[in-house]
Amino acid sequence: MRSRSNSGVRLDYYQRIVHRLILAHQEPVTGLFPASNINSHAWIRDNVYCILAVWGLSMAYKKIADQDEDRAKCYELEQSCVKLMRGLLMAMMNQKDKVEKFKMTQSPYDSLHAKYSSKNGLPVVGDNEWGHLQIDAVSLYLLILAQMTASGLQIVFSLDEVSFIQNLVFYIESAYSIPDYGIWERGDKTNHGEPELNASSIGMAKAALEAMNELDLFGARGGPASVIHVLADEAHKCQAVLQSMLPRESNSKELDSGLLCVIGFPAFAVDDAQLILNTKDAILSRLQGKYGCKRFLRDGYRTPKEDPSRLYYERWELRMFENIECEWPLFFCYLILFHAFQNDKRSVQEFADKLEKIMVRSEDGTLLIPESYAVPQDLVGAEYQKPGSQIREVVGRCPFLWGQSLFILGRLLQEGFLAVGELDPLNRRLGAQKKPDVVVQVVIIAEDTEIRDKLAEHDLHVQTIAEVAPIEVQPARVLSHLYTYLGRNRKLGLSGRKSRDVGILSTSKLYSLKDRIFAFTPQFVDLSRFYIASDNELTIDILKGEINFLKSAWDLLGRPLVTLVLKRIHLDQDKIPLAMIQTMRKLKSGYINGTRVMLGNLKDFLNTSAITDLSFLGSTEDGYPDRLHPDVQTYLDEHLLRSFSNRSTMNLRGGQLRPRHLRRRMSCKGAIKKTRSINVDSDNLGMEGPSPLTERRLSSVVPPPWLQASKQGHVSVFATTPEEGPTSPPQLGSELVARENMYPVDPLHSRSAIERRSEFVRQQEMPKILIQRHRADTNFADTEVEELIAMLRETENLEEQGDILQYLVDTQGLDFNTELDLDDVMLELTTAGGGGGGGVGVVDGASDGANKSSVPAVIIDATTPTASNVVKDKDNANLAAIVAVIAKANANANANTNNNAATSAVAAPAAAAAGSSINNSLNNNDSSQSEGMLEEGRVVTVRDLLKGLYEKACQQKLWGLVRHTAGMLGKRVEDLGKAVTDLLVRQKQVTVGMPPNNEHTITAPLPEVELRQLIHDAYGDDESTAMLTQELMVYLAMFIRTEPQLFHEMLRLRVGLIIQVMAKELSRTLNCGGEAASEHLLNLSPFEMKNLLYHILSGKEFAVSSVARGNLSIVSCNRVALARRAKLGQWLRRRRLDGALNRVPRDFYSRVWTVLEKCQGLAIEGRVLQQSLTQEMTPGELKFALEVETALNQIPQPEYRQLVVEALMVLTLVTEHNMVPSLGGIIYVEHLVHKANQLFLEDQRKVQGDATLCCAKLKDGKEQQQAASGMLLCGGAAYICQHLYDSAPSGSYGTMTYMSRAVALVLDCVPKHGEKECAIS
């Protein structure tokens, strides 16, 4: 008998338990653990947790290895771990095709399976027969693989396996935006198979990404090829989303005990100590019972009320599970480990004692952890009456190996066999400790010596790109391309990284490649991306934000390094902009916005920066790991030359290109303005016109008013003010206008539209372009082309060029060029009076005098070109000829009228052909008369001219024009998808379009192309507003990343309403009309736009100070200055802002839930919230909040919506103070608001208040008629007096007072007389 120390004997005891309870079940072939003796399925998650006890025990033996036998036991246990981890690896590698497919589709049906056969590692159920998409399981596997590798185990054997693991990293890196089935395999808790975003999955993925980063899978024996690379930004996105969700688990689960594995062992995914504490306390206070913790509220699994014959629950039955959910001892094991890592011995002991009381003793005295405890069938009633009072019974497996394994780990920690650091060799547990301040290093590099010298004048000394050699400076897109080579493997059919996004954390490192060193400029300064990058002030603002972000988010070795290149394109009139100089001086001072910075040269920072080796770019698969992959070599050779070379911009005007004779000036003035749809003047936002598109001025359908024959009675169809709006033009029936605007513009199938338009055309007396088939002959002279083109060349003014091009796009389409065969164009002139005026020829200018004008109609054949035998040179005229013809006709028609507006041609949609994009650029080459604009013998299309205009407008900072041309060119923000995802994953839904009819809600991440289309559809032809919407979404995403507190108590961001409120605020501050305000809004620079949005979100007061060039500057102003101004309108404004932003009081939705519990339903704007919602959803559930929000969003006017919210708050006070046992039937919330308005007006009459001037007047017949037709004198929305909207909530004349009186009068359940103790003082 050998002598053993006490600890040795005790360890041997644990070794016997581990062997008997865990290892005895391990399959000898695959190394996997079956779920039970009768179920051979092996779940990834359960298997990984099962093996943790074996791994812990092996490390405990390693420490006390005083005898050979101990070393053998240690090795034996380690190899069991390796066997299991490799068994799971093989099972997943068999599904490598799924990993490849999932990177593209992210579909639940393409995901890795959640369980495999323990006998042979093959799939056991079909792709769509189980909720396989469980990102937390794959993440847990990667996390534990990393920890075990760091502890010295060798699990991965070959470079092919390394490639596969690298692709698993790509598989989980977008976890923050992929809804999955989660740790309980259920998705939505009704178990209908709907995946949702789960905080536990996101947290586990974040932990796995951080653990895997720069990890050598071959341990100490590996080289650069076996290292795993993770882009730090992906892990940080997971962290940001996780922090915004906690302590919520998902939309349907407001809390989940599964979060214990995220805030503590094994993930340690949360860096905020307070948030960890809040989440743990929430779980203990709401889910803890005597026998463990409930998984989540209303969890029906294995309760006596559950119907085991079906998998899903009916929505109404969830309420039955309340208070009788099963309790799981497993969570006490998590809590023991949680406190052991916190070194809180008292709490460890407390939970260990609780756990011991509920464990089951086997025949030989071993303590076993059962799966769960349920209330017995016969005691359910008593448990409902007094939750937590009844004795429960064991249901499910016993021992439950997942729990048993964690229990043994806890015991090994408690008895001192293991230190916490051994279970966490990667030191993840230290994440929440305070870190030292980060110093951000900034390097500014001049593009050439000229810019360097300009900076030197301001005492700022920098190097040029040439001078920083041998370090090479590249834009972020080069790094993003290089990362696509990561993880490629031909043998396995794996293609590497799919996402092209590289964030600031990735570009703030240096990269080594063989003997070269690269520095990358951040993605936000990449000018090719989007027009907001060409606003220097915004770039500086984003830079400050990113530097601030680096301070909080950087956790790599070394300091972050931000490299910026100052180029010629940044210069303003050949000077360096003042804003840039000021920022550089701040950087030089060592602090910017509270962050420590160092400004210096690249070579000074080589030793202090983080450096990553891009070793994966070698040709490892071809056996030449030291040589660059040939594709990479080619790419680098090509790109290094041209990355920072200036692109030449197009020139629309050429000096020598003046036409010889310009017969007359044609004006296309205002073509762009016609497309605008922002409405400000109407006092009730969102309530315009008889049809959703009435005030949407579709430039391509209705001719612009500057074309109209000047007849006195004519009314502009495009007016926005309610007085002259499109509701009732004197000569046109309003229904006609509405119908006219509603046409979908379809270039190929417009025949049916022709007849419907003809009447409208006659009434408008306008030339129109129509489409007709199979007619081909023409004799039009091609010189007319030059009219428009010549104007384009002649005008210095970019706005005019914009109007001409807008007009050309409307009439001819983007791809209209001078090589159109004229055999498919046929011009036929008809007059308005005489049916089919004769033939083809020169337009007869003689009209019947001033009042009648001939209306030429132009017909274009839309068939494919028929005869190609026409000599091209002769017939190379372009379709602008048509434009000129019409212009001529129109000019003659208007010759004798006193209309002094210059006349021009027509906007017609029919010819707008969307063809292929031809990327030519226009130089100042001579062009022959007949060929329009040519460059190097190629034809220049309207699209190319637009591109040139866009680039010029960017340079000249004409933002209104930039937005419009960007919209016409179909540009989209490259980060649009990312921005929308950033908002959605933080539980904010987004709507685009103007309420109420054109609003589209985005509830799930969409591809960029679909998003662009959705936004485009929502705004019709209004390209400027569609572009502005994209821009605002990007700013909202920036704010939610950097200042999430701005979005508190907001569930849905309604971009259309926000745009209207922005315009309204400008109109109020600048004291100008609606059209002027929307013009100002669209001409704000991106920086000012972001600034204005910030002021509106934060509720801060602002003033507008006008600056040179007509740009506005938004500045904060203090409330004292405002108090001096009239207070009139401030509560109306406050309500309007809160209504447009959908802001509600704290805990509003959960309080509405309590109201709903006491009545049969709440009716809001025709939508009823049924009491049954409380059966299905818990008060804090996000799904419930969204139901209430959807009802409130039926109300189009923001200020009215806020009064409805106030009325609901009064109802919550009634229920919270238990004034009445029940509120009765369905409560119509608007009735309360209108009753309050009535009481308000009565009081106003008594005290002769302001409202006596409008709504409280004693009505005579005329006014009664007005009131009946819905027009209030004061312009109040929804028949509520403007003065009530403008009353403060509190005070004897406050809105809450009237609401309370209205509730007392309207609700039958409130006692009408007798003493009632007042609980609200």
# chains A, B, ... in the order shown; residues from 1 in each chain; ligands from 1
>>> select_by_dssp(residues="stretch 298-547 of chain A", states="strand (DSSP E)", output="ChimeraX atom specification")
/A:360-361,367-368,372-374,393-395,439-446,463-464,471-474,488-489,494-495,510-513,516-520
>>> select_by_dssp(residues="stretch 975-1097 of chain A", states="alpha helix (DSSP H)", output="MDAnalysis selection string")
chainID A and resid 976:985 1008:1019 1023:1042 1055:1070 1074:1083 1086:1097
>>> residues_around(residues="stretch 798-802 of chain A", least_positions_apart="5", cutoff="12 Å", atoms="only C-alpha atoms", output="JSON, numbers by chain")
{"A": [651, 652, 653, 666, 667, 668, 669, 670, 671, 672, 673, 788, 789, 790, 791, 792, 793, 807, 808, 809, 942, 943, 945, 946, 947, 948, 949, 950, 951, 952, 953, 954, 955, 956, 957, 958, 959, 960, 961, 962, 963, 964, 965, 966, 968, 1083]}
>>> closest_residue(among="A:Ala42, A:Phe1184, A:Arg627, A:Trp55", to="A:Gln15", atoms="only C-alpha atoms")
A:Trp55
>>> atom_distance(atom1="atom CA of A:Glu371", atom2="atom CA of A:Tyr312")
21.2 Å
>>> residues_around(residues="A:Asp70", least_positions_apart="5", cutoff="9 Å", atoms="only C-alpha atoms", output="list in words")
Gly8, Tyr61, Lys62, Ile64, Ala65 and Tyr75 of chain A
>>> write_last_selection(atoms="N, CA and C atoms", output="CSV table (one decimal), in the first residue's frame")
chain,number,residue,atom,x,y,z
A,8,GLY,N,-4.0,13.8,-2.3
A,8,GLY,CA,-4.0,12.7,-3.3
A,8,GLY,C,-5.2,11.8,-3.2
A,61,TYR,N,-4.4,17.1,-11.2
A,61,TYR,CA,-3.4,16.0,-11.1
A,61,TYR,C,-2.0,16.5,-11.5
A,62,LYS,N,-2.0,17.4,-12.5
A,62,LYS,CA,-0.7,17.9,-13.0
A,62,LYS,C,0.1,18.6,-11.9
A,64,ILE,N,-0.2,18.1,-8.5
A,64,ILE,CA,0.3,17.3,-7.4
A,64,ILE,C,1.0,16.0,-7.9
A,65,ALA,N,1.5,16.0,-9.1
A,65,ALA,CA,2.1,14.8,-9.7
A,65,ALA,C,3.3,14.3,-8.9
A,75,TYR,N,-2.3,12.4,-17.9
A,75,TYR,CA,-2.3,12.2,-19.4
A,75,TYR,C,-3.5,11.6,-19.9
>>> atom_distance(atom1="atom CA of A:Tyr635", atom2="atom CA of A:Gly493")
22.3 Å
>>> residues_around(residues="A:Gly152", least_positions_apart="4", cutoff="9 Å", atoms="only C-alpha atoms", output="list in words")
Gln147, Met148, Gly219 and Ala220 of chain A
>>> residues_around(residues="A:Arg585", least_positions_apart="3", cutoff="12 Å", atoms="only C-alpha atoms", output="list in words")
Ile444, Leu455, His458, Asp459, Leu460, His461, Leu578, Ala579, Met580, Ile581, Gln582, Lys588, Ser589, Gly590, Tyr591, Ile592, Val597, Met598 and Leu599 of chain A
>>> closest_residue(among="A:Leu486, A:Val438, A:Ala60, A:Leu88", to="A:Ser226", atoms="only C-alpha atoms")
A:Leu486
>>> closest_residue(among="A:Thr449, A:Gln1194, A:Gln474, A:Ser615", to="A:Val462", atoms="only C-alpha atoms")
A:Thr449
>>> closest_residue(among="A:Val227, A:Leu983, A:Val443, A:Met320", to="A:Thr464", atoms="only C-alpha atoms")
A:Val443
>>> closest_residue(among="A:Leu168, A:Leu556, A:Leu112, A:Ile576", to="A:Lys454", atoms="only C-alpha atoms")
A:Ile576
>>> residues_around(residues="stretch 213-217 of chain A", least_positions_apart="4", cutoff="7 Å", atoms="only C-alpha atoms", output="list in words")
Thr149, Val156, Leu209, Gly222, Ser226, Val227, Ile228, His229 and Val230 of chain A
>>> closest_residue(among="A:Gly1249, A:Pro387, A:Gly1225, A:Pro1179", to="A:Phe321", atoms="only C-alpha atoms")
A:Pro387
>>> atom_distance(atom1="atom CA of A:Ile678", atom2="atom CA of A:Lys1064")
9.9 Å
